[in-house]
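Everything below concerns the one structure shown next.
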Amino acid sequence: MSNKFWKFSNPVLFKKLSGLISPLAGIIAILAIIPGLVWGVFFTNPDYKQMETVKIIFIHVPAAFLAINIYLMMTITSLIWLVRRHYVSALAAKSAAIIGLTMTIVTIITGSLWGSSTWGTYWVWDPRLTSFAILLCFYVGYILLWQAIGSLEKAANITSLFCIIGSVFALLSRYIVFFIDQGLHQGPTLSLDQEKNIDNSYYFPLILMLIGFSSLFIYLVLVRTTTELNKFKLKGVG
Amino acid sequence: MIKKQISISIHSLSCAVDGKLVLEDINFSLTSGQSITITGPNGVGKTLLLHVILGFKSSFKGHILINEVDFSEDPDDRQEQIGYYGHRASLQAGLTPLEIIKYWKAYYNSDAVAMDLVKFWGLPNNTVENCSEGQRKRIGLARLSMMQRNIWLLDEPTTNLDLEGKEKFLELHASHLKSGGLSVITTHEPSQFNKNKMINLDKHRIN
Amino acid sequence: MLNILKLEFLIVLRSGSHIGLAFSFFLFFMLLFALSSLGNSSFLSGLGLTAVWLSLLMSILLTLNKIIHEDFKSGVLEYLLISDIPIEVTLFCKTLVHWVSVVIPLLIVTPLVLITFQISSDNVAKVVFILLLGSPSLSFIGMMISCLTLANRSSLLLTTITIPFYFPTLLLGIFCCASTNNNLIAFEYLLLYANTLFTIVISPYISAYAIKLNYS
C-alpha cells in the first residue's frame, strides 16, 4: 500500500495522475461553486439582523477554511520533502503557497466588507482578524524566501524548514493573541462538536461551497505543480 | 600524529544537484599512507565530491566506508575522522594569526604543530586582513595540522602558496602519510602529487 | 564552553562596530518615540513600554546579519561544523555572546530612558526585569532565521522574514510590562519565561539543522 502511494512521488507518474485528477477536480469545483453560490445568494433568507450582507459567508468561510488548511498542507508536504526528498512534495508546497496567500487576502477583504456593515468598521484588531494578519505574514515570508534563493534544492530545503517553524510560531502567536484579548468576532461557524451550528438553510449551500473551493484548490495545486515540474525539467527519480 | 591504520572506500557514489547528476559512479579506496589526486576543469564537481565525503551534502547515492564500516548515513560520526582544508583561507576578520590559532585550539584541542608552523613562517603580528593570500593559506595549513585527523580532504591546497610554502606543505603532507594518514586531494597542478592514483572527473561528465 | 564564549566575545569586540551602532540606534529610536508624542506627557507615558520593546527589537533585528552570516561568508562555518565541539554548542555560545554584547548595554541605559518617559520608578525595575528575561528569545529566534537565510546575503530579507517570528515574544513582553499584577510568577509572566526557555532550547538544534540544509 505505502509503496503504491510513494510511487506517485516520481514526477512522471505524478504528472500522469495529475492529468487524470485535475480535470475531475475542476469539474467538481464548477459543479459545486456555481449552484452553491446561486443557492446561497438567491434562495436563502436574509438574516434578521445582518440583512443581505450575511451572504458574504459563502465566500468568507470557505476562503478562511482553505487559508488555514493550505498552510497545514504545506507543513505536511514540507515535512515529506525533508524526510523523503521528493521534489513533487516541495513543489506542491510552493504551488500551494500563492493560492493560500490569495485565500488569506480574500478572507480579509470579505471579512472587512462584512465587518463594515455589521460592526460599523472595516477593521478591528480582534484576535481572529489579527490571527489572519499573522498568517498573511507567514505566507508572504514563505514566498519571499522561495524567490530569494536561486538553487531549487536549497530553496526547497530552506522554505520547508521555514514553513514548519512558521506553523509553530503562527500557532503560538494565535494562542497568545487569544489569551490577551477575547474579541468581537462570532464563534466558529462550523464545528464538529457543537450541537447547533448555523441554520440548515445556510448549512447546505455552505457545505457545497466548501467542497467547491477545496476542489478548486486541488485543481489549481495540481496544475501549478505540473507546471513547476516542467519548468525544472525534473524527470528521473524524485 | 596518531599512528593508526585507516582506510576509506567510496562505492558507486552518485550525486545530483537540483535534479541534475553531477557526480556519477565514483569509486576508489585508500588505506594508510596513500593519497589520491582528483583533477578536472572548474565546475566539474571536485569540491562537491569533498563536501559529500565531509557530510555537508547529505543526499547522495552510494556508500562511504571508513575502516570497512558504512558511514553513509552518519555524516556527524564521519566528520570526527576527517580533516579539511578548503580552497578559501576561511579566517575570522579582526584577529591576529596567533589569536586565530588560539581560537581553533578551543575547537580542535591541539596546537603543538601549529605553533611550530607559525614560528617557522614567522607570521606577522597584525590582523589577517593585512596578511597576503599566501600567508592566509599558511594559517589554514596550521589549522589543518591542529585537527589531528587521519583522513585529509584537501581542496586545491597549493594554490597561492609560494615555493617555500609549497615545500613546507609537501613536507607536512608526506609526514601525514608516513604516520598512517591518507588524503584526498583536488588540484589543478597534479604533477606535485601521487600520479598512480588519479581520477579525472571530466571523464565522468555527462551532458 | 567558557573558553569558547571568551573567544567568540573577543571576535565580536574586534569586529564589533555594530555594538556601538546598536546602542546609538536604540537611543535614537527611543528619541523618535519621545519626539513623536509632541510633548504630551500622558501620551508619552502610554507609549513608553511599546517604545522600549520596539527599540530593543529593532536593535537586535538590525544586528542579526553579524550573528552568523560573516562566518558563512568567510567559510569559517565549515570548520566549525567539522570541529570536535558539537555545532549546537557553538551556535548557542554565539547567540549568547550576541545577546550579551548587544542587549546588556541597552538594558543598562533603559532605566534612565524610561524615567524620561514618565514611568514610575517601581515600574522601571519591573520593566527592566521583564526585558532581561524576555529578550534572550529575540536573539535566539534571530539566530534560527539567520541560519535559514544564509543562502541570501540581503539583510533586508533577513530582517523582514524574522519579524513574524517575533510576534509571540513582543506580544507577551508588552502585555507583561503593562500588566498591573505585581506577582512575578503570575500566569502571564510564566508564559513569557516559558517562551524564552522554549526558544533557547529549540534554537541551537533548528539552527544547526538549517545550516546543514544550507550546505546540502
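Naming scheme: A, B, ... for chains in displayed order of the C-alpha cells; residues 1 onward per chain; ligands 1 onward as shown.
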
Cut-off 8 Å: closest chain C/chain B atom pairs per residue, using only C-alpha atoms, as JSON lines:
{"residue": "C:Asn3", "atom": "CA", "partner": "B:Ala106", "partner_atom": "CA", "distance": 6.8}
{"residue": "C:Ile4", "atom": "CA", "partner": "B:Ala106", "partner_atom": "CA", "distance": 6.4}
{"residue": "C:Leu7", "atom": "CA", "partner": "B:Tyr103", "partner_atom": "CA", "distance": 6.1}
{"residue": "C:Ile11", "atom": "CA", "partner": "B:Gly94", "partner_atom": "CA", "distance": 7.0}
{"residue": "C:Arg14", "atom": "CA", "partner": "B:Gly94", "partner_atom": "CA", "distance": 5.4}
{"residue": "C:Ser15", "atom": "CA", "partner": "B:Gly94", "partner_atom": "CA", "distance": 5.7}
{"residue": "C:Asp71", "atom": "CA", "partner": "B:Gln92", "partner_atom": "CA", "distance": 7.4}
{"residue": "C:Ser74", "atom": "CA", "partner": "B:Ser90", "partner_atom": "CA", "distance": 5.0}
{"residue": "C:Gly75", "atom": "CA", "partner": "B:Ser90", "partner_atom": "CA", "distance": 4.6}
{"residue": "C:Val76", "atom": "CA", "partner": "B:Ser90", "partner_atom": "CA", "distance": 4.9}
{"residue": "C:Tyr79", "atom": "CA", "partner": "B:Tyr84", "partner_atom": "CA", "distance": 7.6}
{"residue": "C:Leu80", "atom": "CA", "partner": "B:Tyr107", "partner_atom": "CA", "distance": 7.4}
{"residue": "C:Ile82", "atom": "CA", "partner": "B:Gln79", "partner_atom": "CA", "distance": 5.5}
{"residue": "C:Ser83", "atom": "CA", "partner": "B:Tyr107", "partner_atom": "CA", "distance": 5.6}
{"residue": "C:Asp84", "atom": "CA", "partner": "B:Tyr108", "partner_atom": "CA", "distance": 5.8}
{"residue": "C:Ile85", "atom": "CA", "partner": "B:Tyr107", "partner_atom": "CA", "distance": 5.8}
{"residue": "C:Lys212", "atom": "CA", "partner": "B:Phe56", "partner_atom": "CA", "distance": 6.4}
{"residue": "C:Tyr215", "atom": "CA", "partner": "B:Phe56", "partner_atom": "CA", "distance": 5.5}
{"residue": "C:Ser216", "atom": "CA", "partner": "B:Lys57", "partner_atom": "CA", "distance": 4.0}

- Message: Set the distance at 12 Å and use only C-alpha atoms: which residues neighbour Ser179 of chain C once local chain neighbours fewer than 4 positions away are removed? I'd like the list as number ranges by chain.
- Response: A: 180; C: 49, 123, 126-127, 130, 171-175, 183-184, 186-189

- Task: Provide the atom CA of Leu49 of chain B to atom CA of Lys7 of chain A distance in Å, to one decimal place.
- Result: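 Computed distance, atom CA of Leu49 of chain B to atom CA of Lys7 of chain A, equals 29.4 Å.
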
- Message: Need the shell around Ser59 of chain C: protein/DNA/RNA residues with any atom at most 7 Å away, counting only C-alpha atoms. Skip same-chain ones fewer than 3 positions apart. Format as a list in words?
- Response: Ala22, Phe25, Phe26, Ser55, Leu56, Leu62 and Thr63 of chain C

Export, as a JSON list (two decimals), in the first residue's frame, the selected residues with C-alpha atoms.
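File selection08.json, as written:
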[["chain", "number", "residue", "atom", "x", "y", "z"],
["C", 22, "ALA", "CA", 23.07, 49.20, 18.08],
["C", 25, "PHE", "CA", 20.32, 53.22, 17.35],
["C", 26, "PHE", "CA", 18.41, 52.22, 20.48],
["C", 55, "SER", "CA", 13.60, 49.85, 20.04],
["C", 56, "LEU", "CA", 15.16, 46.79, 21.62],
["C", 62, "LEU", "CA", 19.48, 45.14, 12.65],
["C", 63, "THR", "CA", 22.49, 43.38, 14.17]]

- Residues at most 12 Å from Ile59 of chain A, counting only C-alpha atoms, excluding those fewer than 6 positions away in the same chain, as a PyMOL selection string? chain A and resi 33-34+36-37+40-41+53+65-66+103-111+113-114+205-210+212-213

Write a file of the selected residues as an mmCIF file, in the first residue's frame, keeping C-alpha atoms.
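Written out: out_39.cif:
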data_model
loop_
_atom_site.group_PDB
_atom_site.id
_atom_site.type_symbol
_atom_site.label_atom_id
_atom_site.label_comp_id
_atom_site.auth_asym_id
_atom_site.auth_seq_id
_atom_site.Cartn_x
_atom_site.Cartn_y
_atom_site.Cartn_z
ATOM 1 C CA ILE A 33 -19.380 26.580 -6.723
ATOM 2 C CA ILE A 34 -21.977 27.759 -9.241
ATOM 3 C CA GLY A 36 -23.681 26.790 -4.214
ATOM 4 C CA LEU A 37 -23.356 30.470 -4.964
ATOM 5 C CA GLY A 40 -26.634 30.733 -1.227
ATOM 6 C CA VAL A 41 -27.208 34.182 -2.648
ATOM 7 C CA THR A 53 -24.567 41.082 3.877
ATOM 8 C CA PHE A 65 -11.098 27.320 5.820
ATOM 9 C CA LEU A 66 -8.686 26.966 2.918
ATOM 10 C CA MET A 103 -7.307 32.837 0.052
ATOM 11 C CA THR A 104 -5.991 34.740 3.073
ATOM 12 C CA ILE A 105 -6.377 38.042 1.249
ATOM 13 C CA VAL A 106 -9.892 37.060 0.090
ATOM 14 C CA THR A 107 -10.784 36.175 3.675
ATOM 15 C CA ILE A 108 -9.519 39.505 4.954
ATOM 16 C CA ILE A 109 -11.268 41.537 2.240
ATOM 17 C CA THR A 110 -14.634 39.763 2.519
ATOM 18 C CA GLY A 111 -14.279 39.887 6.282
ATOM 19 C CA LEU A 113 -16.626 44.227 3.983
ATOM 20 C CA TRP A 114 -18.813 42.155 6.275
ATOM 21 C CA PRO A 205 -25.062 25.791 0.364
ATOM 22 C CA LEU A 206 -22.106 26.454 2.660
ATOM 23 C CA ILE A 207 -21.051 22.807 2.555
ATOM 24 C CA LEU A 208 -21.399 22.923 -1.229
ATOM 25 C CA MET A 209 -19.161 25.990 -1.360
ATOM 26 C CA LEU A 210 -16.598 24.307 0.901
ATOM 27 C CA GLY A 212 -16.257 23.636 -4.415
ATOM 28 C CA PHE A 213 -13.419 25.721 -3.007
#

Dump as a PDB file with C-alpha atoms, in the first residue's frame the residues of chain A that approach chain C to within 10 Å, counting only C-alpha atoms.
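In the end it all went to result_13.pdb:
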ATOM      1  CA  LEU A  82      12.751  16.995   4.284  1.00  0.00           C
ATOM      2  CA  ILE A 134      -0.226  36.960  11.188  1.00  0.00           C
ATOM      3  CA  LEU A 135      -0.982  34.085   8.811  1.00  0.00           C
ATOM      4  CA  LEU A 136      -0.595  36.530   5.919  1.00  0.00           C
ATOM      5  CA  CYS A 137       2.898  37.457   7.168  1.00  0.00           C
ATOM      6  CA  PHE A 138       3.980  33.823   7.196  1.00  0.00           C
ATOM      7  CA  VAL A 140       4.465  36.301   2.427  1.00  0.00           C
ATOM      8  CA  GLY A 141       7.677  35.289   4.208  1.00  0.00           C
ATOM      9  CA  TYR A 142       7.493  31.824   2.676  1.00  0.00           C
ATOM     10  CA  LEU A 144       9.799  35.777  -0.351  1.00  0.00           C
ATOM     11  CA  LEU A 145      12.195  33.016   0.701  1.00  0.00           C
ATOM     12  CA  ALA A 148      15.376  34.839  -2.669  1.00  0.00           C
ATOM     13  CA  ILE A 149      17.213  31.544  -3.145  1.00  0.00           C
ATOM     14  CA  GLY A 150      18.452  30.515  -6.568  1.00  0.00           C
ATOM     15  CA  SER A 151      19.109  26.813  -6.283  1.00  0.00           C
ATOM     16  CA  GLU A 153      17.158  22.104  -3.872  1.00  0.00           C
ATOM     17  CA  LYS A 154      18.441  24.663  -1.398  1.00  0.00           C
ATOM     18  CA  ALA A 155      15.314  26.781  -1.736  1.00  0.00           C
ATOM     19  CA  ALA A 156      13.145  23.713  -1.142  1.00  0.00           C
ATOM     20  CA  ASN A 157      15.186  22.821   1.956  1.00  0.00           C
ATOM     21  CA  ILE A 158      15.094  26.281   3.447  1.00  0.00           C
ATOM     22  CA  THR A 159      11.462  27.092   2.711  1.00  0.00           C
ATOM     23  CA  LEU A 161      12.081  24.380   7.390  1.00  0.00           C
ATOM     24  CA  PHE A 162      10.674  27.927   7.390  1.00  0.00           C
ATOM     25  CA  ILE A 165       8.914  26.517  12.227  1.00  0.00           C
ATOM     26  CA  GLY A 166       6.465  29.084  10.887  1.00  0.00           C
ATOM     27  CA  VAL A 168       4.690  26.548  15.255  1.00  0.00           C
ATOM     28  CA  PHE A 169       5.205  30.281  15.673  1.00  0.00           C
ATOM     29  CA  ALA A 170       1.954  31.155  13.877  1.00  0.00           C
ATOM     30  CA  LEU A 171       0.040  28.877  16.249  1.00  0.00           C
ATOM     31  CA  LEU A 172       1.921  30.294  19.218  1.00  0.00           C
ATOM     32  CA  SER A 173       1.107  33.854  18.144  1.00  0.00           C
ATOM     33  CA  ARG A 174      -2.522  32.924  17.619  1.00  0.00           C
ATOM     34  CA  TYR A 175      -2.933  31.486  21.107  1.00  0.00           C
ATOM     35  CA  ILE A 176      -1.154  34.435  22.676  1.00  0.00           C
ATOM     36  CA  VAL A 177      -3.375  36.858  20.780  1.00  0.00           C
ATOM     37  CA  PHE A 179      -5.015  34.897  25.539  1.00  0.00           C
ATOM     38  CA  ILE A 180      -4.510  38.651  25.551  1.00  0.00           C
TER      39      ILE A 180
END

- Counting only C-alpha atoms, the residue of B:Ile101, B:Val128, B:Val69, B:Ala16 that sits nearest chain A: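 The shortest atom-to-atom distance to chain A comes from B:Ala16.
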
- Task: Enter the distance from atom CA of Ser112 of chain A to atom CA of Tyr202 of chain A, in Å, rounded to one decimal.
- Result: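 Computed distance, atom CA of Ser112 of chain A to atom CA of Tyr202 of chain A, equals 20.6 Å.
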
- Message: I need the residues of segment 16-93 of chain B that end up classed as strand (DSSP E) by DSSP on the backbone, written out as a VMD selection string.
- Response: chain B and resid 16 to 17 20 to 31 35 to 39 61 to 66 69 to 70 82 to 85

What does the file look like for those residues with C-alpha atoms, as a CSV table (one decimal), in the first residue's frame?
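Written file, out-v8.csv:
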chain,number,residue,atom,x,y,z
B,16,ALA,CA,22.7,15.2,-8.1
B,17,VAL,CA,22.2,18.9,-7.6
B,20,LYS,CA,20.9,17.1,-12.4
B,21,LEU,CA,23.5,14.4,-12.0
B,22,VAL,CA,26.9,16.0,-11.3
B,23,LEU,CA,28.9,13.1,-9.9
B,24,GLU,CA,28.3,9.7,-11.3
B,25,ASP,CA,29.6,6.3,-10.2
B,26,ILE,CA,32.8,7.4,-8.4
B,27,ASN,CA,34.8,4.5,-7.0
B,28,PHE,CA,38.1,4.5,-5.1
B,29,SER,CA,39.6,3.2,-2.0
B,30,LEU,CA,42.6,4.2,0.0
B,31,THR,CA,44.5,2.8,3.0
B,35,SER,CA,46.7,9.6,-1.4
B,36,ILE,CA,44.5,10.1,-4.4
B,37,THR,CA,44.6,13.1,-6.8
B,38,ILE,CA,41.4,14.4,-8.3
B,39,THR,CA,41.5,16.6,-11.3
B,61,LYS,CA,23.6,7.6,-3.7
B,62,GLY,CA,26.3,5.1,-2.9
B,63,HIS,CA,28.4,4.2,0.1
B,64,ILE,CA,31.2,5.7,2.1
B,65,LEU,CA,33.1,3.2,4.2
B,66,ILE,CA,35.7,4.1,6.8
B,69,VAL,CA,32.2,0.4,8.4
B,70,ASP,CA,29.5,2.0,6.4
B,82,ILE,CA,38.2,13.9,8.6
B,83,GLY,CA,40.4,17.0,8.4
B,84,TYR,CA,39.5,19.5,5.8
B,85,TYR,CA,41.4,22.2,4.0

- Message: Considering only C-alpha atoms, can you say which of A:Ser117, A:Ala92, A:Leu129, A:Trp123 comes closest to Lys15 of chain A?
- Response: A:Ala92

- Taking the chain letters and numbering used in this document, name the residues of segment 12-237 of chain A that DSSP puts in helix (DSSP H, G or I), as a VMD selection string. chain A and resid 12 to 42 52 to 84 87 to 118 127 to 148 152 to 180 200 to 231

- Query: For Lys6 of chain C, which residue out of C:Thr90, C:Thr116, C:Ser135, C:Asn182 is the nearest one, using only C-alpha atoms?
  - Reply: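 Going through C:Thr90, C:Thr116, C:Ser135, C:Asn182 one by one, the smallest distance to Lys6 of chain C is for C:Thr90.
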
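Nearest to chain A of all the residues B:Glu164, B:Asp18, B:Ser72, B:Ile6 is B:Asp18, counting only C-alpha atoms.
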
- Would you kindly return, as a list in words, each protein, DNA or RNA residue with an atom no farther than 12 Å from any atom of Ser24 of chain C, considering only C-alpha atoms and excluding same-chain residues fewer than 6 positions away?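 After dropping sequence-adjacent residues, the list is Ser17, His18, Met30, Leu31, Ser55, Leu56, Met58, Ser59, Val102, Pro105, Leu106 and Val109 of chain C.
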
Just want the 9 Å neighbourhood of Glu189 of chain B, counted on only C-alpha atoms, with same-chain residues fewer than 2 positions away dropped. Output as an mmCIF file with N, CA and C atoms, in the first residue's frame.
data_model
loop_
_atom_site.group_PDB
_atom_site.id
_atom_site.type_symbol
_atom_site.label_atom_id
_atom_site.label_comp_id
_atom_site.auth_asym_id
_atom_site.auth_seq_id
_atom_site.Cartn_x
_atom_site.Cartn_y
_atom_site.Cartn_z
ATOM 1 N N THR B 39 41.378 15.485 -10.403
ATOM 2 C CA THR B 39 41.533 16.648 -11.278
ATOM 3 C C THR B 39 40.265 16.844 -12.093
ATOM 4 N N GLU B 156 42.420 22.082 -3.443
ATOM 5 C CA GLU B 156 43.417 22.950 -4.075
ATOM 6 C C GLU B 156 44.394 23.530 -3.045
ATOM 7 N N THR B 158 47.652 23.901 -2.877
ATOM 8 C CA THR B 158 48.877 24.647 -3.177
ATOM 9 C C THR B 158 48.620 25.961 -3.905
ATOM 10 N N THR B 159 47.395 26.227 -4.277
ATOM 11 C CA THR B 159 47.127 27.487 -4.966
ATOM 12 C C THR B 159 47.550 28.653 -4.074
ATOM 13 N N THR B 186 42.149 17.535 -4.334
ATOM 14 C CA THR B 186 41.720 18.050 -5.635
ATOM 15 C C THR B 186 42.713 19.124 -6.017
ATOM 16 N N THR B 187 43.072 19.172 -7.267
ATOM 17 C CA THR B 187 44.081 20.150 -7.668
ATOM 18 C C THR B 187 44.041 20.410 -9.163
ATOM 19 N N SER B 191 50.931 17.481 -10.955
ATOM 20 C CA SER B 191 52.304 16.972 -11.046
ATOM 21 C C SER B 191 52.962 16.812 -9.677
ATOM 22 N N GLN B 192 52.530 17.605 -8.678
ATOM 23 C CA GLN B 192 53.182 17.528 -7.377
ATOM 24 C C GLN B 192 52.751 16.320 -6.566
ATOM 25 N N PHE B 193 51.666 15.689 -6.983
ATOM 26 C CA PHE B 193 51.088 14.658 -6.126
ATOM 27 C C PHE B 193 51.184 13.285 -6.767
#

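From atom CA of Leu138 of chain C back to atom CA of Phe9 of chain C, the distance works out to 18.8 Å.
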